[in-house]
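The structure appears below as structure tokens.
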Amino acid sequence: MAEIVVSTFLSVLFEKLASATLQKLAPYNGIGSEIQKLQRSLSQIQCVLTDASDKETTNQSVKQWLNDLQHLAYDIDDVLDDLATDAMHQKEALIHKLLGVEPCDQNFSVVPIVGMGGVGKTTLARLLYNEKQVKDHFELKAWVCVSDEFDSFGISKVIFQSVTGVNKEFADLNLLQVDLRNHLREKRFMLVLDDVWTESCEDWETLVAPFHVCTPGSKIIMTTRKDKLLKKLGYNHLIQHLQFLPCEDALSLVALHALGVNNFDSHSSLKTHGEGIVKKCNGLPLALIALGRLLRTKKDEEEYWEEVLNSEIWSLQDVDGIVPALRLSYHDLSAHLKQLFAYCSLFPKDFMYDKDELVQLWMAEGFLPHLTSSDSREERLGHKYFDELLSRSFFQYASNNKSLFVMHDLMNDLATTVASEFFIRLKNETGKDVKKEALEKYHHMSFIREEYVPYKKFEVFKGAKRLRTFLATPVRVVPVVESWQSFYLSNKILVDLLPELPMLRVLCLSDFCISEIPESIGTLRHLRYLNLSRTVISHFPENVCNLYNLQTLIVAGCRNLAKFPNNFLKLKNLRHLDISDTPRLNQMPLELGESKSLQTLSKIIIGGENGFEITKLKDLENLCGKISIVGLDKVQNATHAREANLSQKRLSELEVVWSHVTDGSRNEMLEKDVLNELKPRNDYLKELKIDVFGGLEFPNWVGDPSFHNLKHVAIRDCNKCTSLPPLGQLPSLKELFIEGFDELKVVGLELLGTGLGFTSLEILSFVRMPMWEKWSGVVFPCLQKLRIENCPNLSEISLEALPSLKTLKINRCDNGVLRHIVHIASSITGLEIGSILGLNDEVWK
């Protein structure tokens with residue numbers, strides 16, 4: 001009996017040791033080594049319990065020993081309680097700073113986090129930013145990566161976009177800050193300024209001018225390597241200096257990433273080498289993680305650990321500011337990976353990488369082994385290489401978007417150092433930092449977009465005959481912000497310079513106000529990647545079809561683009577064609593079905609001026625990724641839709657769109673059958689959009705739980721449907737948008753389907769449902785944002801509690817909707833209402 005009691009108690013202690021609180025805080029308060037010791041003690045105790053249970057009933061001494069263990073377990077529990085209390089007292093001290101209202105002469109205060117690069121400043125800031133108490137406390141939040149260049153206008157635009165969710169263009173900083181001030185007025189606001197380098201008080205005062213109208217208690221978390229600005233602002237008594245990890249915690253971090261466990265108990269022969277490596281890393285978390293991952297495939301190779309420990313690279317110290325441990329991680333890469341990593345020196349710090357886009361660039365540069373033109377293995381190999389770099393910490397997941405990736409500043413510095421004389425990233429001022437004698441060495445060049453880019457900036461490159469890359473990169477890391485700004489490129493660059501660069505493989509001129517592409521582009525016979533997205537071109541010159549080697553053509557957001565060149569089929573090596581958001585483009589090249597190499601085709605226009613048929617998709621065997629099929633009302637037979645063979649293609653996003661035809665020619669049964677035959681492969685799909693579907697009901701696959709990766713669903717303008725599909729059955733669904741159902745009157749159990757329903761849904765929107773009267777029988781345990789707009793007849797709601805609801809937006813609805821939801825959602829922190837019928841004080845009682 002004593003053995004059972006002790007065993008049960010031990011399992012509780014193990015759970016405490018593994019608790020999220022202790023694990024999250026261990027790197028920041030030095031308790032990791034204590035946790036390790038306790039885990040080892042408990043493991044040893046647990047090993048002998050089974051044997052003891054057999055002797056307990058016959059051996060009094062064993063029984064007494066078990067009782068002693070019970071006392072020891074109580075003692076360990078007390079120690080754990082102390083550790084947990086201390087831990088909570090500290091990541092709480094920081095939270096208290098965020099939640100408290102400190103006496104100051106302004107409505108906001110700064111919470112500084114200071115430390116050298118790689119010590120974990122951003123990680124700690126992210127923990128605070130995502131803490132539930134913090135989320136609930138602040139009405140508005142924003143996160144901005146600042147880095148080397150402190151641009152008040154750019155930073156302010158990111159903040160505005162974050163707190164409003166609105167795309168808006170501003171002529172100058174003053175107008176932007178006036179609008180931002182109006183949105184922040186009397187709101188409790190939290191801002192993270194990550195990686196601040198500026199020491200200028202003037203820059204600071206300009207940036208924070210709109211924040212003075214916030215509610216008292218608003219906070220700015222500032223992470224920085226230098227505390228000079230903070231001291232100037234009078235925050236030296238509040239500075240939170242992040243220290244290096246203690247030896248035991250550092251050793252645990254290496255073991256975790258190298259061996260998959262948090263100590264060297266099962267690999268004792270490696271411990272001495274591990275301790276030596278830890279000492280040379282000086283407790284820097286980024287370096288420890290990078291080296292741990294380097295050693296992960298060498299668990300049983302003591303000689304390799306010894307080689308790493310004794311490498312001559314350690315003697316280089318911090319040459320060019322590069323930590324030796326990171327040099328070692330780079331040194332261990334294969335030649336392929338070294339080249340791919342060095343290529344990233346072309347991108348600015350805090351750049352958000354899209355994996356597919358980067359792989360397409362690598363491929364265009366010839367960095368990936370070339371297989372057959374119709375084979376997707378080249379891209380798959382590129383993805384494999386990227387994942388290898390990610391696993392070794394050369395990339396990290398972006399904090400606010402798991403589909404994008406970032407590179408730590410120290411890694412960016414390393415890439416710049418190893419890129420050497422082959423790569424150059426132009427500074428914003430001019431191209432004067434480029435020496436003519438060095439031009440023969442440069443093969444790859446990038447530059448940051450500016451409002452006006454003169455020819456003089458690139459004049460020196462006229463003799464760069466070996467240049468392969470002419471790449472424009474964003475001025476900031478948030479793409480939507482850039483869309484508010486216009487960028488202009490000297491036409492002389494297009495007409496005079498580009499023809500002088502015959503070896504170009506990559507040409508990216510996205511986001512510039514370019515209206516015409518010169519005929520000379522057809523002479524760039526080596527070109528493999530052409531990005532003209534969000535330019536104002538209306539057509540291509542016909543000789544663009546001479547670019548036989550072209551693999552990637554991106555014209556997304558070219559809203560004036562109206563047609564393809566006549567000889568489009570000549571681009572036989574084209575693998576990726578992005579024509580999304582091109583509303584004037586109303587036809588596809590008839591020969592497209594013969595483009596066997598195509599893998600990415602963002603939009604497919606059925607019918608159009610030349611009568612493109614959906615059956616032509618059957619021959620595009622490698623089609624994958626995102627696809628929008630427009631004009632499905634032109635499909636005359638459901639078997640034609642079946643021939644498109646979508647069920648065999650690896651689609652991650654699918655949009656199906658019918659036309660707004662109101663002449664009575666719509667066939668409800670045909671449209672349902674067509675949609676049924678367009679069922680995509682279920683194991684890849686992450687996003688589904690259905691627009692202007694004319695059927696009376698949806699086919700069974702819409703809402704089928706076998707689509708276990710489906711996270712986003714939007715169904716719009718399905719005016720004849722009287723019920724919704726069972727979308728509650730989708731286990732991973734996070735966002736659901738229902739809009740424009742003219743005939744739907746009741747939303748009930750049919751939406752839930754079988755089982756618990758909507759176990760992951762966080763965002764829900766109902767818009768333009770004029771006949772909707774009743775909403776019942778649906779549970780949303782994780783729902784955080786709810787929008788109901790233009791639903792004037794909705795009056796009967798019988799939902800249960802909405803425990804997680806934070807943001808509620810109701811517009812042009814009956815007051816009964818507002819009254820009911822307010823009463824069942826106790827956690828709302830953001831409420832936006834407008835045009836509520838019959839609104840009075842009774843709603844709030």
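For the structure tokens, the naming scheme is as follows: chains receive sequential letters (A, B, ...) according to their order of presentation, residues are indexed from 1 within each chain, and ligands are indexed from 1 in presentation order.
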Find the residues near A:Asn560: any atom within 10 Å, counting only C-alpha atoms, skip ones fewer than 3 places away on the same chain, and give them as a PyMOL selection string. chain A and resi 515+534-539+557+563+582-585
Could you pull out the residues in stretch 362-557 of chain A that DSSP calls strand (DSSP E) from the backbone, as an MDAnalysis selection string? chainID A and resid 396:398 401:406 423:426 444:448 452:453 469:473 488:489 506:508 529:531 552:554
Spatial neighbours of stretch 719-725 of chain A, max dist 12 Å, only C-alpha atoms, sep filter under 5 positions, as a VMD selection string: chain A and resid 658 660 to 662 666 to 669 671 to 672 690 to 705 713 to 714 730 736 to 754 766 768 to 772 775
State, in Å with one decimal place, the distance from atom CA of A:Tyr353 to atom CA of A:Ser147.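 Atom CA of A:Ser147 lies 16.4 Å from atom CA of A:Tyr353.
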Atom CA of A:Glu613 to atom CA of A:Asn637, distance in Å rounded to a single decimal: 11.1 Å
May I have all residues of stretch 176-225 of chain A that DSSP, computed from the backbone, assigns to alpha helix (DSSP H), given as a count of residues only? 17
Tell me, as an NGL selection string, which residues lie within 9 Å of stretch 188-205 of chain A, counting only C-alpha atoms; anything in the same chain fewer than 6 positions away does not count. :A and (98 or 108 or 121-122 or 125-126 or 129 or 134 or 137-152 or 159 or 211 or 214-230 or 232-233)
Save out the residues we just selected, C-alpha atoms, as a compact mmCIF listing (two decimals), in the first residue's frame.
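Written output follows (result15.txt):
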```txt
# COMPACT_ATOMS: atom_id res chain seq x y z
CA LEU A 98 3.14 45.80 -17.22
CA PHE A 108 2.72 55.51 -20.65
CA LYS A 121 15.44 39.41 -25.08
CA THR A 122 12.91 38.82 -27.84
CA ALA A 125 9.26 39.89 -24.59
CA ARG A 126 7.19 37.38 -26.56
CA TYR A 129 3.23 39.74 -24.91
CA VAL A 134 -1.48 40.85 -20.34
CA HIS A 137 -5.46 43.87 -19.56
CA PHE A 138 -4.61 45.89 -22.66
CA GLU A 139 -7.25 47.01 -25.16
CA LEU A 140 -4.76 47.52 -28.00
CA LYS A 141 -1.42 45.82 -28.69
CA ALA A 142 1.28 46.12 -31.32
CA TRP A 143 4.70 44.57 -32.01
CA VAL A 144 7.34 46.26 -34.18
CA CYS A 145 10.79 44.96 -35.16
CA VAL A 146 12.94 48.11 -35.25
CA SER A 147 16.58 47.03 -35.87
CA ASP A 148 19.36 49.31 -37.12
CA GLU A 149 17.31 52.03 -38.84
CA PHE A 150 14.94 53.93 -36.55
CA ASP A 151 12.30 55.11 -39.04
CA SER A 152 9.53 56.94 -37.13
CA ILE A 159 1.57 50.43 -35.18
CA PHE A 211 0.95 57.90 -27.13
CA CYS A 214 -3.49 56.77 -24.06
CA THR A 215 -5.08 55.70 -20.81
CA PRO A 216 -2.61 55.88 -17.88
CA GLY A 217 -0.91 52.52 -17.43
CA SER A 218 -0.11 52.03 -21.11
CA LYS A 219 3.28 50.35 -21.59
CA ILE A 220 6.15 50.08 -24.05
CA ILE A 221 8.40 47.02 -23.79
CA MET A 222 11.75 47.94 -25.31
CA THR A 223 14.36 45.28 -26.08
CA THR A 224 17.82 46.64 -26.84
CA ARG A 225 21.50 45.78 -26.69
CA LYS A 226 22.40 49.29 -25.52
CA ASP A 227 21.00 51.17 -22.54
CA LYS A 228 22.21 54.68 -23.46
CA LEU A 229 18.81 55.90 -24.69
CA LEU A 230 17.06 54.41 -21.66
CA LYS A 232 18.83 59.50 -21.16
CA LEU A 233 15.09 58.97 -20.69
```
As an exercise, work out the distance from atom CA of A:Leu501 to atom CA of A:Gln599 in Å and give it to one decimal place.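 Interatomic distance here is 28.7 Å.
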Excluding A:Leu799 and residues on its chain fewer than 5 positions from it, collect all residues at most 8 Å away from it, counting only C-alpha atoms, and give them as JSON, numbers by chain. {"A": [775, 776, 777, 778, 779]}
Can you pull out the residues contacting A:Arg380? Cut-off 10 Å, using only C-alpha atoms, and skip same-chain residues under 5 positions away; I want them as a PyMOL selection string. chain A and resi 356+359+375+385-386
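Within the 6 Å cut-off around A:Glu773, using only C-alpha atoms and omitting residues fewer than 5 positions from it on the same chain, the listed residues are A:Lys745, A:Asn793, A:Leu794, A:Ser795.
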Can I get the selection written as a tab-separated table (two decimals), in the first residue's frame, with N, CA and C atoms?
```
chain	number	residue	atom	x	y	z
A	745	LYS	N	-32.62	31.23	-42.89
A	745	LYS	CA	-33.39	31.77	-41.76
A	745	LYS	C	-32.94	31.24	-40.41
A	793	ASN	N	-32.90	40.89	-38.98
A	793	ASN	CA	-34.02	40.08	-38.46
A	793	ASN	C	-33.61	39.05	-37.42
A	794	LEU	N	-32.31	38.98	-37.11
A	794	LEU	CA	-31.87	38.03	-36.10
A	794	LEU	C	-32.33	38.52	-34.73
A	795	SER	N	-33.21	37.75	-34.09
A	795	SER	CA	-33.75	38.19	-32.79
A	795	SER	C	-33.75	37.07	-31.75
```
So which one's closest to A:Leu94, A:Asp179, A:Asp673, A:Glu131, A:Glu451? Using only C-alpha atoms, please. A:Glu131
A:Lys634, A:Lys299, A:Leu764, A:His331: which is nearest A:Glu312, counting only C-alpha atoms? A:His331
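Proximity to A:Tyr529 was assessed for A:Ser827, A:Asn549, A:Thr297, A:Asn790 counting only C-alpha atoms; the smallest distance is recorded for A:Asn549.
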